[in-house]
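What follows is the content of run.txt (compact mmCIF, C-alpha atoms).
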```
# COMPACT_ATOMS: atom_id res chain seq x y z
CA MET A 1 -53.82 14.91 -3.21
CA THR A 2 -53.88 11.50 -4.82
CA THR A 3 -56.10 8.62 -3.88
CA PRO A 4 -54.66 5.13 -3.56
CA ALA A 5 -56.30 4.40 -6.91
CA GLN A 6 -54.45 7.23 -8.64
CA ARG A 7 -51.17 6.19 -7.10
CA VAL A 8 -51.68 2.64 -8.25
CA LYS A 9 -52.76 3.69 -11.73
CA SER A 10 -49.65 5.84 -12.09
CA VAL A 11 -47.58 2.64 -12.11
CA ALA A 12 -47.54 1.16 -15.60
CA VAL A 13 -49.26 -2.23 -15.50
CA PRO A 14 -48.78 -4.36 -18.64
CA ASP A 15 -52.13 -5.13 -20.21
CA THR A 16 -51.07 -8.76 -20.56
CA LYS A 17 -51.32 -9.15 -16.78
CA LEU A 18 -54.51 -10.69 -15.48
CA HIS A 19 -56.96 -8.00 -14.41
CA TRP A 20 -60.22 -8.37 -12.50
CA GLU A 21 -62.13 -8.60 -15.78
CA ASP A 22 -60.23 -11.77 -16.69
CA PHE A 23 -61.72 -13.89 -13.89
CA GLU A 24 -64.96 -15.73 -14.49
CA ARG A 25 -67.21 -17.39 -11.95
CA GLY A 26 -66.86 -21.17 -12.07
CA ALA A 27 -63.43 -21.14 -13.72
CA VAL A 28 -61.08 -23.85 -12.44
CA ALA A 29 -57.32 -24.10 -12.81
CA VAL A 30 -54.77 -26.53 -11.38
CA TYR A 31 -51.17 -25.62 -10.52
CA GLY A 32 -48.18 -27.79 -9.74
CA PRO A 33 -47.11 -30.48 -9.06
CA ARG A 34 -44.58 -29.63 -6.38
CA LEU A 35 -42.73 -32.25 -4.37
CA VAL A 36 -42.80 -31.56 -0.62
CA THR A 37 -39.75 -33.00 1.11
CA ARG A 38 -39.15 -34.12 4.68
CA GLU A 39 -36.36 -31.55 4.91
CA GLU A 40 -38.60 -28.59 4.14
CA ILE A 41 -41.38 -29.86 6.43
CA VAL A 42 -38.94 -30.08 9.34
CA ALA A 43 -37.24 -26.77 8.50
CA PHE A 44 -40.55 -24.88 8.46
CA ALA A 45 -41.69 -26.52 11.67
CA ALA A 46 -38.41 -25.80 13.44
CA GLU A 47 -38.85 -22.11 12.65
CA PHE A 48 -42.58 -21.58 13.03
CA ASP A 49 -44.42 -24.56 14.52
CA PRO A 50 -42.06 -26.81 16.51
CA GLN A 51 -44.69 -29.25 17.73
CA PRO A 52 -43.27 -32.79 17.85
CA MET A 53 -45.60 -34.16 15.15
CA HIS A 54 -44.11 -31.74 12.64
CA LEU A 55 -40.50 -32.57 13.54
CA ASP A 56 -40.20 -36.27 14.17
CA GLU A 57 -41.74 -39.46 12.76
CA ALA A 58 -42.05 -41.27 16.10
CA ALA A 59 -43.64 -38.27 17.80
CA GLY A 60 -46.04 -37.87 14.90
CA ALA A 61 -46.98 -41.53 15.05
CA ALA A 62 -48.14 -41.06 18.66
CA THR A 63 -50.59 -38.28 17.68
CA LEU A 64 -53.83 -37.97 15.74
CA LEU A 65 -51.74 -37.28 12.63
CA GLY A 66 -50.37 -40.81 12.72
CA GLY A 67 -46.91 -39.82 11.51
CA LEU A 68 -44.75 -36.87 10.53
CA ALA A 69 -46.83 -34.24 8.76
CA ALA A 70 -46.35 -30.63 7.74
CA SER A 71 -47.55 -27.77 9.90
CA GLY A 72 -50.89 -26.52 8.64
CA TRP A 73 -49.30 -23.10 8.22
CA HIS A 74 -46.65 -24.67 6.03
CA SER A 75 -49.38 -26.12 3.82
CA CYS A 76 -50.98 -22.68 3.54
CA SER A 77 -47.64 -21.07 2.75
CA LEU A 78 -46.83 -23.66 0.07
CA LEU A 79 -50.28 -23.14 -1.41
CA MET A 80 -49.58 -19.40 -1.50
CA ARG A 81 -46.31 -19.96 -3.34
CA MET A 82 -47.99 -22.23 -5.86
CA ILE A 83 -50.71 -19.70 -6.66
CA CYS A 84 -48.10 -16.94 -6.85
CA ASP A 85 -46.24 -18.91 -9.49
CA GLY A 86 -49.51 -20.07 -11.03
CA PHE A 87 -51.18 -16.69 -11.61
CA VAL A 88 -50.89 -14.12 -8.82
CA LEU A 89 -47.48 -12.76 -9.86
CA ASN A 90 -48.80 -12.38 -13.41
CA SER A 91 -51.79 -10.35 -12.25
CA THR A 92 -52.83 -7.01 -10.80
CA SER A 93 -53.48 -8.68 -7.43
CA MET A 94 -53.35 -6.35 -4.47
CA GLY A 95 -53.60 -9.09 -1.90
CA ALA A 96 -56.39 -10.20 0.38
CA PRO A 97 -57.89 -8.75 3.57
CA GLY A 98 -57.97 -12.18 5.16
CA ILE A 99 -59.09 -15.77 4.84
CA ASP A 100 -62.67 -16.92 5.26
CA GLU A 101 -61.84 -20.40 6.48
CA VAL A 102 -59.02 -22.92 6.42
CA LYS A 103 -59.65 -26.65 6.72
CA TRP A 104 -56.76 -29.03 7.30
CA LEU A 105 -58.50 -32.19 6.14
CA LYS A 106 -55.63 -34.67 5.79
CA PRO A 107 -51.98 -34.63 6.84
CA LEU A 108 -49.40 -33.46 4.30
CA ARG A 109 -46.72 -36.16 4.35
CA PRO A 110 -43.11 -35.99 3.20
CA GLY A 111 -42.68 -37.10 -0.41
CA THR A 112 -46.12 -35.93 -1.55
CA ASN A 113 -46.45 -34.27 -4.94
CA VAL A 114 -49.02 -31.58 -4.27
CA ARG A 115 -51.18 -29.67 -6.69
CA VAL A 116 -53.39 -26.66 -6.03
CA ARG A 117 -56.86 -26.39 -7.56
CA ALA A 118 -58.23 -22.86 -7.77
CA THR A 119 -61.96 -22.34 -8.31
CA VAL A 120 -63.51 -18.91 -8.81
CA LEU A 121 -66.53 -18.78 -6.52
CA ASP A 122 -67.59 -15.20 -7.14
CA VAL A 123 -66.57 -12.07 -9.01
CA ARG A 124 -67.84 -8.68 -7.94
CA GLU A 125 -67.07 -4.98 -7.99
CA SER A 126 -65.65 -3.20 -4.98
CA ARG A 127 -68.17 -0.71 -3.64
CA SER A 128 -65.61 1.41 -1.85
CA ARG A 129 -62.77 1.23 -4.40
CA PRO A 130 -63.98 1.53 -8.01
CA GLU A 131 -60.45 0.93 -9.27
CA LEU A 132 -60.51 -2.58 -7.75
CA GLY A 133 -62.55 -5.69 -8.24
CA LEU A 134 -62.96 -8.66 -5.93
CA VAL A 135 -62.57 -12.33 -6.81
CA LYS A 136 -63.51 -14.96 -4.26
CA PHE A 137 -61.55 -18.18 -4.63
CA HIS A 138 -61.70 -21.66 -3.21
CA PHE A 139 -58.19 -23.10 -3.11
CA GLU A 140 -57.54 -26.79 -2.48
CA MET A 141 -54.22 -28.54 -2.02
CA LEU A 142 -54.40 -32.05 -3.49
CA ASP A 143 -52.11 -35.03 -3.03
CA ASP A 144 -50.89 -37.45 -5.69
CA ALA A 145 -54.19 -39.34 -5.56
CA GLY A 146 -56.31 -36.20 -5.82
CA ALA A 147 -57.40 -36.22 -2.16
CA ILE A 148 -57.94 -32.77 -0.67
CA LEU A 149 -55.41 -32.07 2.08
CA THR A 150 -56.07 -28.39 2.75
CA ALA A 151 -58.93 -26.17 1.61
CA LEU A 152 -59.34 -22.44 2.06
CA ALA A 153 -61.54 -19.66 0.78
CA THR A 154 -60.37 -16.10 0.36
CA THR A 155 -61.15 -12.97 -1.62
CA LEU A 156 -58.36 -11.37 -3.63
CA MET A 157 -58.43 -7.77 -4.82
CA PHE A 158 -57.39 -7.06 -8.42
CA GLY A 159 -56.86 -3.94 -10.42
CA ARG A 160 -59.44 -3.37 -13.17
CA ARG A 161 -58.92 -2.46 -16.80
CA SER A 162 -61.87 -0.09 -16.53
CA PRO A 163 -62.68 1.40 -13.15
CA GLY A 164 -66.27 1.02 -12.02
CA ALA A 165 -68.61 3.58 -10.56
CA ARG A 166 -68.17 4.69 -6.96
CA SER A 167 -71.37 3.92 -5.09
CA MET B 1 -56.63 -53.00 18.28
CA THR B 2 -55.94 -49.67 19.91
CA THR B 3 -57.85 -46.47 19.37
CA PRO B 4 -56.00 -43.22 18.82
CA ALA B 5 -56.89 -42.34 22.42
CA GLN B 6 -55.21 -45.45 23.78
CA ARG B 7 -52.13 -44.85 21.69
CA VAL B 8 -51.91 -41.30 22.93
CA LYS B 9 -52.48 -42.27 26.55
CA SER B 10 -49.72 -44.84 26.35
CA VAL B 11 -47.24 -41.98 25.97
CA ALA B 12 -46.39 -40.60 29.37
CA VAL B 13 -47.59 -37.00 29.59
CA PRO B 14 -46.29 -35.02 32.55
CA ASP B 15 -49.15 -33.79 34.68
CA THR B 16 -47.52 -30.36 34.78
CA LYS B 17 -48.39 -29.91 31.13
CA LEU B 18 -51.51 -27.89 30.40
CA HIS B 19 -54.47 -30.17 29.83
CA TRP B 20 -57.93 -29.33 28.55
CA GLU B 21 -59.19 -28.86 32.11
CA ASP B 22 -56.70 -26.00 32.63
CA PHE B 23 -58.35 -23.65 30.12
CA GLU B 24 -61.12 -21.36 31.27
CA ARG B 25 -63.52 -19.37 29.16
CA GLY B 26 -62.63 -15.69 29.17
CA ALA B 27 -59.00 -16.23 30.15
CA VAL B 28 -56.55 -13.86 28.44
CA ALA B 29 -52.78 -14.17 28.11
CA VAL B 30 -50.22 -12.11 26.20
CA TYR B 31 -47.02 -13.52 24.72
CA GLY B 32 -43.93 -11.78 23.35
CA PRO B 33 -42.63 -9.28 22.47
CA ARG B 34 -40.77 -10.44 19.39
CA LEU B 35 -38.96 -8.09 17.04
CA VAL B 36 -39.82 -8.71 13.38
CA THR B 37 -36.96 -7.71 11.10
CA ARG B 38 -36.88 -6.66 7.46
CA GLU B 39 -34.58 -9.59 6.76
CA GLU B 40 -37.05 -12.21 7.96
CA ILE B 41 -39.98 -10.52 6.20
CA VAL B 42 -38.11 -10.61 2.89
CA ALA B 43 -36.79 -14.15 3.44
CA PHE B 44 -40.27 -15.54 4.13
CA ALA B 45 -41.73 -13.70 1.15
CA ALA B 46 -38.96 -14.87 -1.18
CA GLU B 47 -39.78 -18.46 -0.26
CA PHE B 48 -43.55 -18.43 0.05
CA ASP B 49 -45.18 -15.22 -1.13
CA PRO B 50 -42.93 -13.30 -3.54
CA GLN B 51 -45.36 -10.50 -4.28
CA PRO B 52 -43.49 -7.20 -4.72
CA MET B 53 -45.07 -5.53 -1.66
CA HIS B 54 -43.50 -8.18 0.57
CA LEU B 55 -40.03 -7.87 -0.99
CA ASP B 56 -39.33 -4.24 -1.72
CA GLU B 57 -40.11 -0.88 -0.09
CA ALA B 58 -40.76 0.99 -3.34
CA ALA B 59 -43.04 -1.73 -4.68
CA GLY B 60 -44.91 -1.81 -1.38
CA ALA B 61 -45.34 1.95 -1.40
CA ALA B 62 -47.18 1.70 -4.73
CA THR B 63 -49.78 -0.69 -3.29
CA LEU B 64 -52.63 -0.57 -0.79
CA LEU B 65 -50.12 -1.59 1.89
CA GLY B 66 -48.29 1.72 1.50
CA GLY B 67 -44.84 0.20 2.06
CA LEU B 68 -43.00 -3.04 2.68
CA ALA B 69 -45.08 -5.36 4.85
CA ALA B 70 -44.94 -9.01 5.82
CA SER B 71 -46.92 -11.64 3.96
CA GLY B 72 -50.11 -12.41 5.82
CA TRP B 73 -48.99 -16.04 6.00
CA HIS B 74 -45.78 -14.89 7.64
CA SER B 75 -47.82 -13.09 10.29
CA CYS B 76 -49.82 -16.26 10.91
CA SER B 77 -46.65 -18.36 11.09
CA LEU B 78 -45.01 -15.96 13.54
CA LEU B 79 -48.16 -15.99 15.65
CA MET B 80 -48.02 -19.80 15.65
CA ARG B 81 -44.42 -19.74 16.85
CA MET B 82 -45.26 -17.28 19.60
CA ILE B 83 -48.13 -19.38 20.93
CA CYS B 84 -45.95 -22.50 20.65
CA ASP B 85 -43.38 -20.85 22.90
CA GLY B 86 -46.11 -19.26 24.99
CA PHE B 87 -48.10 -22.37 25.91
CA VAL B 88 -48.70 -24.91 23.16
CA LEU B 89 -45.41 -26.77 23.58
CA ASN B 90 -46.11 -27.01 27.30
CA SER B 91 -49.52 -28.56 26.75
CA THR B 92 -51.27 -31.70 25.54
CA SER B 93 -52.28 -29.91 22.34
CA MET B 94 -53.02 -32.20 19.41
CA GLY B 95 -53.36 -29.41 16.90
CA ALA B 96 -56.31 -27.87 15.15
CA PRO B 97 -58.56 -29.05 12.33
CA GLY B 98 -58.44 -25.62 10.73
CA ILE B 99 -58.95 -21.90 11.20
CA ASP B 100 -62.34 -20.25 11.42
CA GLU B 101 -61.25 -16.90 10.03
CA VAL B 102 -58.14 -14.83 9.53
CA LYS B 103 -58.25 -11.03 9.31
CA TRP B 104 -55.20 -9.09 8.17
CA LEU B 105 -56.22 -5.74 9.59
CA LYS B 106 -53.02 -3.70 9.38
CA PRO B 107 -49.66 -4.26 7.67
CA LEU B 108 -46.87 -5.83 9.72
CA ARG B 109 -43.87 -3.53 9.13
CA PRO B 110 -40.17 -4.26 9.62
CA GLY B 111 -38.97 -3.26 13.07
CA THR B 112 -42.26 -3.93 14.83
CA ASN B 113 -42.19 -5.57 18.25
CA VAL B 114 -45.19 -7.85 18.10
CA ARG B 115 -47.14 -9.47 20.91
CA VAL B 116 -49.84 -12.11 20.70
CA ARG B 117 -52.97 -11.89 22.83
CA ALA B 118 -54.78 -15.19 23.35
CA THR B 119 -58.37 -15.18 24.55
CA VAL B 120 -60.29 -18.36 25.39
CA LEU B 121 -63.68 -18.01 23.69
CA ASP B 122 -65.11 -21.40 24.55
CA VAL B 123 -64.24 -24.68 26.24
CA ARG B 124 -66.16 -27.83 25.44
CA GLU B 125 -65.93 -31.60 25.40
CA SER B 126 -65.36 -33.52 22.21
CA ARG B 127 -68.42 -35.62 21.39
CA SER B 128 -66.58 -38.05 19.18
CA ARG B 129 -63.33 -38.35 21.16
CA PRO B 130 -63.88 -38.50 24.94
CA GLU B 131 -60.12 -38.42 25.53
CA LEU B 132 -59.96 -34.94 24.00
CA GLY B 133 -61.38 -31.56 24.83
CA LEU B 134 -61.77 -28.53 22.59
CA VAL B 135 -60.70 -24.97 23.33
CA LYS B 136 -61.70 -22.18 20.98
CA PHE B 137 -59.26 -19.29 20.94
CA HIS B 138 -59.16 -15.81 19.51
CA PHE B 139 -55.55 -14.88 18.75
CA GLU B 140 -54.50 -11.33 17.97
CA MET B 141 -51.11 -10.07 16.88
CA LEU B 142 -50.51 -6.61 18.32
CA ASP B 143 -47.93 -3.98 17.39
CA ASP B 144 -45.90 -1.78 19.76
CA ALA B 145 -48.87 0.56 20.23
CA GLY B 146 -51.33 -2.26 20.88
CA ALA B 147 -53.05 -2.02 17.50
CA ILE B 148 -54.36 -5.35 16.17
CA LEU B 149 -52.49 -6.36 13.01
CA THR B 150 -53.81 -9.89 12.52
CA ALA B 151 -56.71 -11.68 14.21
CA LEU B 152 -57.72 -15.30 13.89
CA ALA B 153 -60.03 -17.76 15.59
CA THR B 154 -59.33 -21.47 15.83
CA THR B 155 -60.18 -24.47 17.96
CA LEU B 156 -57.33 -26.49 19.46
CA MET B 157 -57.70 -30.07 20.67
CA PHE B 158 -56.13 -30.95 24.04
CA GLY B 159 -55.69 -34.15 25.95
CA ARG B 160 -57.79 -34.40 29.12
CA ARG B 161 -56.77 -35.41 32.61
CA SER B 162 -60.03 -37.34 32.93
CA PRO B 163 -61.65 -38.64 29.77
CA GLY B 164 -65.29 -37.73 29.30
CA ALA B 165 -68.20 -39.92 28.32
CA ARG B 166 -68.59 -41.01 24.73
CA SER B 167 -71.94 -39.75 23.47
```
Render the structure in this file as structure tokens.
Amino acid sequence: MTTPAQRVKSVAVPDTKLHWEDFERGAVAVYGPRLVTREEIVAFAAEFDPQPMHLDEAAGAATLLGGLAASGWHSCSLLMRMICDGFVLNSTSMGAPGIDEVKWLKPLRPGTNVRVRATVLDVRESRSRPELGLVKFHFEMLDDAGAILTALATTLMFGRRSPGARS
Amino acid sequence: MTTPAQRVKSVAVPDTKLHWEDFERGAVAVYGPRLVTREEIVAFAAEFDPQPMHLDEAAGAATLLGGLAASGWHSCSLLMRMICDGFVLNSTSMGAPGIDEVKWLKPLRPGTNVRVRATVLDVRESRSRPELGLVKFHFEMLDDAGAILTALATTLMFGRRSPGARS
């Protein structure tokens, strides 16, 4: 019988991919820019979050958002795509068990060029899975002026070059 | 000069819409079912989270997910759509400032009929905005067997029938 670790290790992973050992506490990287268009904001909202403030300028203007703005879930999904392209797809990432917290601080407007800033908050071994290591990140989506629109913290699991000890 | 509250109140809101006063601590509602297809899982992943385990069965089988599964952000977005159809679009909701926590407990597989269970955890006034009230929810996405796939807690802001006192 194989453990998940053995199954994973049986797949050849290029050593050039980012492993757990390659992440360092305090490291910061910025990805993007990516232009967010009105069309994609409305398309996402129509499918997943059809509240008026995500579909229509006039409706948005009558709300706390003060105008058309992207669904918060759209912001999170765009952030995910930007970190995928930025480093996740070139890593041994095995995903995340969840998100610690999401803050939607400012509206994401059509025509914004967004960037994502990734900060490594913590790096630690996995107690239950010695073949994995954990990296806690703080991700921030920034607008053209550097204001933080969305912030979230999550812990990603990465494959290790050298498995640790099972505790 | 108008405050956001005055601007919002100037828009006619049908009294049949759910207002803050209509939510009661401990109330539970279930929405759905909704069939989640392989096609939509792959389409979402291709756009927002193109990690192999969200795109391809064989790649998924080699990971902790043990097979093709939806992006966690797709699960959240589907949950949002289901609560929009369930009650949010028929309410005075003004959105949420963020999410307290998201837990991706089990993979969302193609062919699953999902439901969303909404539980009201807390109902309170807004101190800073007397025209609004706050409702804290626990939302759970359930599979056909009732297992919890995704759980998240968030606080939605709703318009009130009778504004409270500004503190």
Handout entry: Residues of chain A within 7 Å of chain B, counting only C-alpha atoms, as a list of chain:residue names
Key = A:Pro4, A:Arg7, A:Val8, A:Phe48, A:Asp49, A:Gln51, A:Ala62, A:Thr63, A:Leu64, A:Trp73, A:Ser77, A:Leu78, A:Met80, A:Arg81, A:Cys84, A:Leu89, A:Met94, A:Pro97, A:Gly98, A:Ile99, A:Asp100, A:Glu101, A:Val102, A:Lys103, A:Trp104, A:Leu105
Practice task
Take the point (-53.1, -21.1, -8.6) in the file's coordinates, draw a sphere of radius 7 Å around it, and report as a list in words every protein, DNA or RNA residue with an atom inside or on it, counting all atoms listed in the file.
Solution key: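 Residues satisfying the cut-off, written out: Ala29, Val30, Tyr31, Met82, Ile83, Cys84, Gly86, Phe87, Val116, Arg117 and Ala118 of chain A.
Compared by their closest atoms to Leu35 in chain B, and using all atoms listed in the file, the residues B:Leu108, B:Leu132, B:Leu149, B:Leu156 rank with B:Leu108 nearest.
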Handout entry: CA of Thr37 in chain B to CA of Leu142 in chain B, straight-line distance in Å
Key = 15.4 Å
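Relative to CA of Glu57 in chain A, CA of Ala70 in chain A is found at 11.2 Å.
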Problem - B:Asp144, B:Glu131, B:Thr16, B:Ala27 ranked by distance to Ser162 in chain B, top pick (using only C-alpha atoms) - result: B:Glu131
Produce the centre coordinates and the three edge lengths, each in Å to one decimal, of the box along x, y and z that contains all listed atoms of range 35-52 of chain B with 8 Å added on each side, as AutoDock Vina command-line options.
```
--center_x -40.0 --center_y -12.6 --center_z 6.2 --size_x 26.8 --size_y 27.8 --size_z 37.8
```
Practice task
Mind giving me the straight-line distance from CA of Val42 in chain B to CA of Gly111 in chain B in Å, one decimal?
Solution key: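 CA of Gly111 in chain B lies at a distance of 12.6 Å from CA of Val42 in chain B.
When only C-alpha atoms are used to compute distances to Met157 in chain B, the closest of the residues B:Asp122, B:Gly67, B:Ala145, B:Thr92 turns out to be B:Thr92.
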Need the neighbours of (-63.9, -24.3, -10.7): which residues are at most 6 Å away, counting all atoms listed in the file, as an mmCIF file with C-alpha atoms, keeping the file's coordinate frame?
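Saved result, out15.cif, follows:
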```
data_model
loop_
_atom_site.group_PDB
_atom_site.id
_atom_site.type_symbol
_atom_site.label_atom_id
_atom_site.label_comp_id
_atom_site.auth_asym_id
_atom_site.auth_seq_id
_atom_site.Cartn_x
_atom_site.Cartn_y
_atom_site.Cartn_z
ATOM 1 C CA GLY A 26 -66.860 -21.170 -12.070
ATOM 2 C CA ALA A 27 -63.430 -21.140 -13.720
ATOM 3 C CA VAL A 28 -61.080 -23.850 -12.440
ATOM 4 C CA THR A 119 -61.960 -22.340 -8.310
ATOM 5 C CA VAL A 120 -63.510 -18.910 -8.810
#
```
